[in-house]
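Undergrad: To start, I am sharing the structure in question, which I have written as structure tokens.
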Amino acid sequence: MNYKKITEQSSNYDSLEKMSVLELLEGINNEDKTVPLAVEKCIPAIEQFVTAALERMKKGGRLFYIGAGTSGRLGIVDASECPPTFGVDHGVVIGLMAGGDKAMRKAVEFAEDDTQQGWKDLLEHDINGNDTLVGIAASGTTPYVIGALETANKNGILTAGITCNPQSPLSQTAQHPIVPVVGPEFVTGSTRMKSGTAQKLVLNMISTSLMIGLGRVKGNKMVDMQLSNNKLVDRGIRMIMDEISVDTETAEKLLNEHGSVRKAVEAYQKPK
């Protein structure tokens, strides 16, 4: 390795075990404040990637996230939240991680070190040239992720890589490297902290802007959200009331009849 991983550099703080709880919390918070500024510097790179991915998704392409450990879990979380939030099918945004679903709760030893398994996992979902792949690895060196991106590149798949280490193998492999440089972690090497926060922010930006681009938001409302609990039903009723100026009873009736805010509003506004 001919470069130094910023994510592995020694913390700006020392003797953590001697700090008071308040000192620990303030130190962590001070470090966290730097993360949005690091992500802000990546906006041009994120814009280029989202623009390219949106073009493919408008033609029916899918978005894949792939990672290991915290990075993999963050991808799966983002993917799993797209259907309830935006009403897309579960197969539109797919999150995969080294070790499979069981690794969400418990680490699978050495799963991330297999350079071939990432692509094998993607093939189970019939990934093809219409699709987009985002590799997520704070270190930028995870073999499971890099191997998948290398093969994806050879197969005409659009690729991006989210890493917190510039000049890392992932940033050099991805067609669209997104590299928020957050610096050393509060606990040296604990990339679930600032690096994980940066990755989460970037994933929020990618998926939300893509879903808006695909027409899944109207105004500022999640008009296609799945009505999977009472809170969301109540939100849907209020959204309908605001949009077409009807009372609660009418809005609830429309929502129950049509199943989504968008369909309820369109049905009401349709010429009789």
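By order in the structure tokens, chains are A, B, ...; within a chain, residues start at 1; ligands start at 1, following the order shown.
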Per residue of stretch 121-218 of chain A within 7 Å of stretch 21-44 of chain A, which atom pair is closest and at what distance in Å (one decimal), using only C-alpha atoms, listed by chain and increasing number, as JSON lines?

TA:
{"residue": "A:Ile178", "atom": "CA", "partner": "A:Cys42", "partner_atom": "CA", "distance": 6.2}
{"residue": "A:Val179", "atom": "CA", "partner": "A:Cys42", "partner_atom": "CA", "distance": 6.6}
{"residue": "A:Pro180", "atom": "CA", "partner": "A:Ala38", "partner_atom": "CA", "distance": 5.0}
{"residue": "A:Val181", "atom": "CA", "partner": "A:Ala38", "partner_atom": "CA", "distance": 5.8}
{"residue": "A:Val182", "atom": "CA", "partner": "A:Val35", "partner_atom": "CA", "distance": 5.8}
{"residue": "A:Phe186", "atom": "CA", "partner": "A:Ile28", "partner_atom": "CA", "distance": 6.2}
{"residue": "A:Lys194", "atom": "CA", "partner": "A:Asp32", "partner_atom": "CA", "distance": 6.0}
{"residue": "A:Ala198", "atom": "CA", "partner": "A:Val35", "partner_atom": "CA", "distance": 5.9}

Undergrad: Would you mind exporting the chosen residues as a PDB file, in the first residue's frame, restricted to N, CA and C atoms?

TA:
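again_13.pdb, freshly written:
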ATOM      1  N   ILE A 178     -16.629   9.268  -5.137  1.00  0.00           N
ATOM      2  CA  ILE A 178     -17.188  10.267  -4.227  1.00  0.00           C
ATOM      3  C   ILE A 178     -16.424  10.123  -2.917  1.00  0.00           C
ATOM      4  N   VAL A 179     -15.621  11.125  -2.588  1.00  0.00           N
ATOM      5  CA  VAL A 179     -14.638  10.960  -1.511  1.00  0.00           C
ATOM      6  C   VAL A 179     -14.743  12.080  -0.475  1.00  0.00           C
ATOM      7  N   PRO A 180     -15.658  11.955   0.495  1.00  0.00           N
ATOM      8  CA  PRO A 180     -15.690  12.917   1.594  1.00  0.00           C
ATOM      9  C   PRO A 180     -14.551  12.625   2.574  1.00  0.00           C
ATOM     10  N   VAL A 181     -13.587  13.517   2.648  1.00  0.00           N
ATOM     11  CA  VAL A 181     -12.414  13.304   3.505  1.00  0.00           C
ATOM     12  C   VAL A 181     -12.712  13.894   4.882  1.00  0.00           C
ATOM     13  N   VAL A 182     -13.066  13.034   5.809  1.00  0.00           N
ATOM     14  CA  VAL A 182     -13.499  13.493   7.138  1.00  0.00           C
ATOM     15  C   VAL A 182     -12.369  13.494   8.160  1.00  0.00           C
ATOM     16  N   PHE A 186     -12.686   9.941  15.994  1.00  0.00           N
ATOM     17  CA  PHE A 186     -12.530  10.260  17.420  1.00  0.00           C
ATOM     18  C   PHE A 186     -11.874   9.090  18.145  1.00  0.00           C
ATOM     19  N   LYS A 194     -17.442   9.166  12.048  1.00  0.00           N
ATOM     20  CA  LYS A 194     -17.525  10.223  11.033  1.00  0.00           C
ATOM     21  C   LYS A 194     -17.646   9.672   9.621  1.00  0.00           C
ATOM     22  N   ALA A 198     -20.740  10.378   7.084  1.00  0.00           N
ATOM     23  CA  ALA A 198     -20.550  10.941   5.745  1.00  0.00           C
ATOM     24  C   ALA A 198     -21.189  10.055   4.684  1.00  0.00           C
TER      25      ALA A 198
END

Undergrad: Write out as a list of chain:residue names each polymer residue whose atoms come within 7 Å of stretch 48-51 of chain A, counting only C-alpha atoms; drop sequence neighbours fewer than 6 positions from it.

TA: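 Non-adjacent residues within range: A:His176, A:Ile206, A:Leu210.
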
Undergrad: Choose the residue, out of A:His90, A:Arg73, A:Arg216, A:His258, that has the smallest atom-to-atom separation from A:Met104; count only C-alpha atoms.

TA: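 Smallest distance to A:Met104 is found for A:Arg73.
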
Undergrad: From stretch 24-265 of chain A, collect each residue whose DSSP state is strand (DSSP E or B) and return the set as a list in words.

TA: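 Here are the strand (DSSP E or B) residues of stretch 24-265 of chain A: Leu63, Phe64, Tyr65, Ile66, Gly67, Val93, Ile94, Gly95, Leu96, Met97, Thr132, Leu133, Val134, Gly135, Ile136, Leu158, Thr159, Ala160, Gly161, Ile162, His176, Pro177, Ile178, Lys218 and Lys221 of chain A.
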
Undergrad: Tell me, which residues of stretch 130-221 of chain A carry DSSP alpha helix (DSSP H), written as a PDB file with N, CA and C atoms, in the first residue's frame?

TA:
ATOM      1  N   PRO A 143     -11.846  -5.797  -0.547  1.00  0.00           N
ATOM      2  CA  PRO A 143     -11.786  -6.650  -1.739  1.00  0.00           C
ATOM      3  C   PRO A 143     -13.161  -7.030  -2.283  1.00  0.00           C
ATOM      4  N   TYR A 144     -14.116  -7.324  -1.410  1.00  0.00           N
ATOM      5  CA  TYR A 144     -15.474  -7.702  -1.826  1.00  0.00           C
ATOM      6  C   TYR A 144     -16.085  -6.617  -2.708  1.00  0.00           C
ATOM      7  N   VAL A 145     -15.866  -5.371  -2.337  1.00  0.00           N
ATOM      8  CA  VAL A 145     -16.445  -4.230  -3.064  1.00  0.00           C
ATOM      9  C   VAL A 145     -15.657  -3.937  -4.340  1.00  0.00           C
ATOM     10  N   ILE A 146     -14.348  -3.882  -4.226  1.00  0.00           N
ATOM     11  CA  ILE A 146     -13.514  -3.519  -5.381  1.00  0.00           C
ATOM     12  C   ILE A 146     -13.622  -4.569  -6.481  1.00  0.00           C
ATOM     13  N   GLY A 147     -13.627  -5.834  -6.107  1.00  0.00           N
ATOM     14  CA  GLY A 147     -13.772  -6.902  -7.095  1.00  0.00           C
ATOM     15  C   GLY A 147     -15.071  -6.784  -7.870  1.00  0.00           C
ATOM     16  N   ALA A 148     -16.156  -6.437  -7.155  1.00  0.00           N
ATOM     17  CA  ALA A 148     -17.457  -6.281  -7.806  1.00  0.00           C
ATOM     18  C   ALA A 148     -17.442  -5.112  -8.787  1.00  0.00           C
ATOM     19  N   LEU A 149     -16.842  -3.991  -8.385  1.00  0.00           N
ATOM     20  CA  LEU A 149     -16.801  -2.829  -9.270  1.00  0.00           C
ATOM     21  C   LEU A 149     -15.926  -3.072 -10.491  1.00  0.00           C
ATOM     22  N   GLU A 150     -14.827  -3.763 -10.308  1.00  0.00           N
ATOM     23  CA  GLU A 150     -13.948  -4.048 -11.446  1.00  0.00           C
ATOM     24  C   GLU A 150     -14.686  -4.854 -12.509  1.00  0.00           C
ATOM     25  N   THR A 151     -15.429  -5.865 -12.074  1.00  0.00           N
ATOM     26  CA  THR A 151     -16.174  -6.688 -13.031  1.00  0.00           C
ATOM     27  C   THR A 151     -17.337  -5.901 -13.622  1.00  0.00           C
ATOM     28  N   ALA A 152     -17.984  -5.078 -12.814  1.00  0.00           N
ATOM     29  CA  ALA A 152     -19.090  -4.253 -13.310  1.00  0.00           C
ATOM     30  C   ALA A 152     -18.608  -3.311 -14.408  1.00  0.00           C
ATOM     31  N   ASN A 153     -17.438  -2.721 -14.208  1.00  0.00           N
ATOM     32  CA  ASN A 153     -16.876  -1.832 -15.234  1.00  0.00           C
ATOM     33  C   ASN A 153     -16.697  -2.554 -16.559  1.00  0.00           C
ATOM     34  N   LYS A 154     -16.243  -3.813 -16.492  1.00  0.00           N
ATOM     35  CA  LYS A 154     -16.006  -4.608 -17.700  1.00  0.00           C
ATOM     36  C   LYS A 154     -17.318  -4.978 -18.409  1.00  0.00           C
ATOM     37  N   PRO A 169      -7.842   2.345  -3.685  1.00  0.00           N
ATOM     38  CA  PRO A 169      -8.224   1.491  -4.810  1.00  0.00           C
ATOM     39  C   PRO A 169      -9.675   1.695  -5.255  1.00  0.00           C
ATOM     40  N   LEU A 170     -10.584   1.897  -4.315  1.00  0.00           N
ATOM     41  CA  LEU A 170     -11.982   2.100  -4.693  1.00  0.00           C
ATOM     42  C   LEU A 170     -12.155   3.397  -5.468  1.00  0.00           C
ATOM     43  N   SER A 171     -11.524   4.467  -5.018  1.00  0.00           N
ATOM     44  CA  SER A 171     -11.663   5.750  -5.714  1.00  0.00           C
ATOM     45  C   SER A 171     -11.037   5.702  -7.101  1.00  0.00           C
ATOM     46  N   GLN A 172     -10.080   4.818  -7.285  1.00  0.00           N
ATOM     47  CA  GLN A 172      -9.436   4.677  -8.590  1.00  0.00           C
ATOM     48  C   GLN A 172     -10.176   3.701  -9.508  1.00  0.00           C
ATOM     49  N   THR A 173     -10.973   2.828  -8.910  1.00  0.00           N
ATOM     50  CA  THR A 173     -11.728   1.837  -9.687  1.00  0.00           C
ATOM     51  C   THR A 173     -13.066   2.374 -10.157  1.00  0.00           C
ATOM     52  N   LYS A 194     -17.442   9.166  12.048  1.00  0.00           N
ATOM     53  CA  LYS A 194     -17.525  10.223  11.033  1.00  0.00           C
ATOM     54  C   LYS A 194     -17.646   9.672   9.621  1.00  0.00           C
ATOM     55  N   SER A 195     -16.882   8.657   9.309  1.00  0.00           N
ATOM     56  CA  SER A 195     -16.943   8.083   7.952  1.00  0.00           C
ATOM     57  C   SER A 195     -18.335   7.534   7.665  1.00  0.00           C
ATOM     58  N   GLY A 196     -18.911   6.821   8.645  1.00  0.00           N
ATOM     59  CA  GLY A 196     -20.253   6.278   8.474  1.00  0.00           C
ATOM     60  C   GLY A 196     -21.286   7.380   8.310  1.00  0.00           C
ATOM     61  N   THR A 197     -21.123   8.453   9.078  1.00  0.00           N
ATOM     62  CA  THR A 197     -22.045   9.584   8.955  1.00  0.00           C
ATOM     63  C   THR A 197     -21.947  10.212   7.573  1.00  0.00           C
ATOM     64  N   ALA A 198     -20.740  10.378   7.084  1.00  0.00           N
ATOM     65  CA  ALA A 198     -20.550  10.941   5.745  1.00  0.00           C
ATOM     66  C   ALA A 198     -21.189  10.055   4.684  1.00  0.00           C
ATOM     67  N   GLN A 199     -20.991   8.742   4.803  1.00  0.00           N
ATOM     68  CA  GLN A 199     -21.587   7.817   3.833  1.00  0.00           C
ATOM     69  C   GLN A 199     -23.109   7.903   3.862  1.00  0.00           C
ATOM     70  N   LYS A 200     -23.670   7.969   5.058  1.00  0.00           N
ATOM     71  CA  LYS A 200     -25.123   8.074   5.187  1.00  0.00           C
ATOM     72  C   LYS A 200     -25.640   9.345   4.521  1.00  0.00           C
ATOM     73  N   LEU A 201     -24.953  10.455   4.741  1.00  0.00           N
ATOM     74  CA  LEU A 201     -25.369  11.714   4.121  1.00  0.00           C
ATOM     75  C   LEU A 201     -25.321  11.629   2.596  1.00  0.00           C
ATOM     76  N   VAL A 202     -24.263  11.034   2.073  1.00  0.00           N
ATOM     77  CA  VAL A 202     -24.137  10.896   0.619  1.00  0.00           C
ATOM     78  C   VAL A 202     -25.229   9.986   0.066  1.00  0.00           C
ATOM     79  N   LEU A 203     -25.494   8.888   0.745  1.00  0.00           N
ATOM     80  CA  LEU A 203     -26.551   7.972   0.302  1.00  0.00           C
ATOM     81  C   LEU A 203     -27.913   8.666   0.316  1.00  0.00           C
ATOM     82  N   ASN A 204     -28.175   9.456   1.349  1.00  0.00           N
ATOM     83  CA  ASN A 204     -29.422  10.235   1.387  1.00  0.00           C
ATOM     84  C   ASN A 204     -29.534  11.122   0.151  1.00  0.00           C
ATOM     85  N   MET A 205     -28.445  11.773  -0.199  1.00  0.00           N
ATOM     86  CA  MET A 205     -28.450  12.694  -1.339  1.00  0.00           C
ATOM     87  C   MET A 205     -28.684  11.943  -2.643  1.00  0.00           C
ATOM     88  N   ILE A 206     -28.026  10.809  -2.794  1.00  0.00           N
ATOM     89  CA  ILE A 206     -28.154  10.027  -4.027  1.00  0.00           C
ATOM     90  C   ILE A 206     -29.576   9.516  -4.205  1.00  0.00           C
ATOM     91  N   SER A 207     -30.082   8.789  -3.210  1.00  0.00           N
ATOM     92  CA  SER A 207     -31.393   8.153  -3.379  1.00  0.00           C
ATOM     93  C   SER A 207     -32.519   9.185  -3.444  1.00  0.00           C
ATOM     94  N   THR A 208     -32.452  10.218  -2.618  1.00  0.00           N
ATOM     95  CA  THR A 208     -33.530  11.209  -2.608  1.00  0.00           C
ATOM     96  C   THR A 208     -33.578  11.982  -3.917  1.00  0.00           C
ATOM     97  N   SER A 209     -32.429  12.412  -4.409  1.00  0.00           N
ATOM     98  CA  SER A 209     -32.428  13.172  -5.668  1.00  0.00           C
ATOM     99  C   SER A 209     -32.851  12.289  -6.837  1.00  0.00           C
ATOM    100  N   LEU A 210     -32.468  11.022  -6.808  1.00  0.00           N
ATOM    101  CA  LEU A 210     -32.902  10.106  -7.865  1.00  0.00           C
ATOM    102  C   LEU A 210     -34.412   9.904  -7.831  1.00  0.00           C
ATOM    103  N   MET A 211     -34.963   9.689  -6.646  1.00  0.00           N
ATOM    104  CA  MET A 211     -36.403   9.453  -6.536  1.00  0.00           C
ATOM    105  C   MET A 211     -37.202  10.697  -6.953  1.00  0.00           C
ATOM    106  N   ILE A 212     -36.701  11.877  -6.601  1.00  0.00           N
ATOM    107  CA  ILE A 212     -37.359  13.102  -7.054  1.00  0.00           C
ATOM    108  C   ILE A 212     -37.290  13.190  -8.577  1.00  0.00           C
ATOM    109  N   GLY A 213     -36.128  12.846  -9.125  1.00  0.00           N
ATOM    110  CA  GLY A 213     -35.961  12.862 -10.574  1.00  0.00           C
ATOM    111  C   GLY A 213     -36.866  11.875 -11.288  1.00  0.00           C
TER     112      GLY A 213
END

Undergrad: Using only C-alpha atoms, which residues of stretch 53-111 of chain A come within 8 Å of stretch 120-138 of chain A, and what is the closest atom pair for each, with the distance in Å to one decimal? Give it as CSV, sorted by chain and residue number.

TA:
residue,atom,partner,partner_atom,distance
A:Ala53,CA,A:Thr132,CA,6.4
A:Arg56,CA,A:Asn130,CA,6.1
A:Met57,CA,A:Asp131,CA,7.4
A:Lys59,CA,A:Asn130,CA,7.9
A:Gly60,CA,A:Asn130,CA,7.4
A:Gly61,CA,A:Asp131,CA,4.6
A:Arg62,CA,A:Asp131,CA,4.8
A:Leu63,CA,A:Thr132,CA,4.9
A:Phe64,CA,A:Leu133,CA,4.7
A:Tyr65,CA,A:Val134,CA,4.8
A:Ile66,CA,A:Gly135,CA,5.0
A:Gly67,CA,A:Ile136,CA,4.9
A:Ala68,CA,A:Ala137,CA,7.1
A:Ser71,CA,A:Ile136,CA,5.5
A:Gly72,CA,A:Ile136,CA,6.8
A:Gly75,CA,A:Ile136,CA,7.5
A:Leu96,CA,A:Asp121,CA,7.5

Undergrad: How many Å separate atom CA of A:Pro166 from atom CA of A:Val77?

TA: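 Computed distance, atom CA of A:Pro166 to atom CA of A:Val77, equals 25.0 Å.
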
Undergrad: Would you list the contacts of A:Pro177 as a list of chain:residue names, taking every protein, DNA or RNA residue within 6 Å and counting only C-alpha atoms, but skipping same-chain residues closer than 3 positions in sequence?

TA: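 Once the nearby chain positions are removed, what remains is A:Ala160, A:Gly161, A:Ser171, A:Ala174.
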
Undergrad: For A:Lys106, list every protein, DNA or RNA residue within 12 Å, evaluated using only C-alpha atoms, and leave out those in the same chain fewer than 6 positions away; present the list as a ChimeraX atom specification.

TA: /A:68-70,73,97-100

Undergrad: Extract, using only C-alpha atoms, all DNA, RNA and protein residues at most 10 Å from A:Arg235, discarding same-chain residues fewer than 6 positions from it, and format them as a PyMOL selection string.

TA: chain A and resi 221-222+225+227+241+261

Undergrad: Under the rule that only C-alpha atoms are counted, which of A:Thr188, A:Gln167, A:Thr85, A:Ser139 is the nearest residue to A:Ser11?

TA: A:Thr188

Undergrad: With distances taken over only C-alpha atoms, which of A:Arg192, A:Pro84, A:Leu74, A:Trp119 is nearest to A:Asn155?

TA: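 Checking each candidate against A:Asn155, we get A:Trp119 as the closest.
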
Undergrad: Just how far from atom CA of A:Val88 is atom CA of A:Cys164, in Å to one decimal?

TA: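 Between atom CA of A:Cys164 and atom CA of A:Val88 the gap works out to 29.8 Å.
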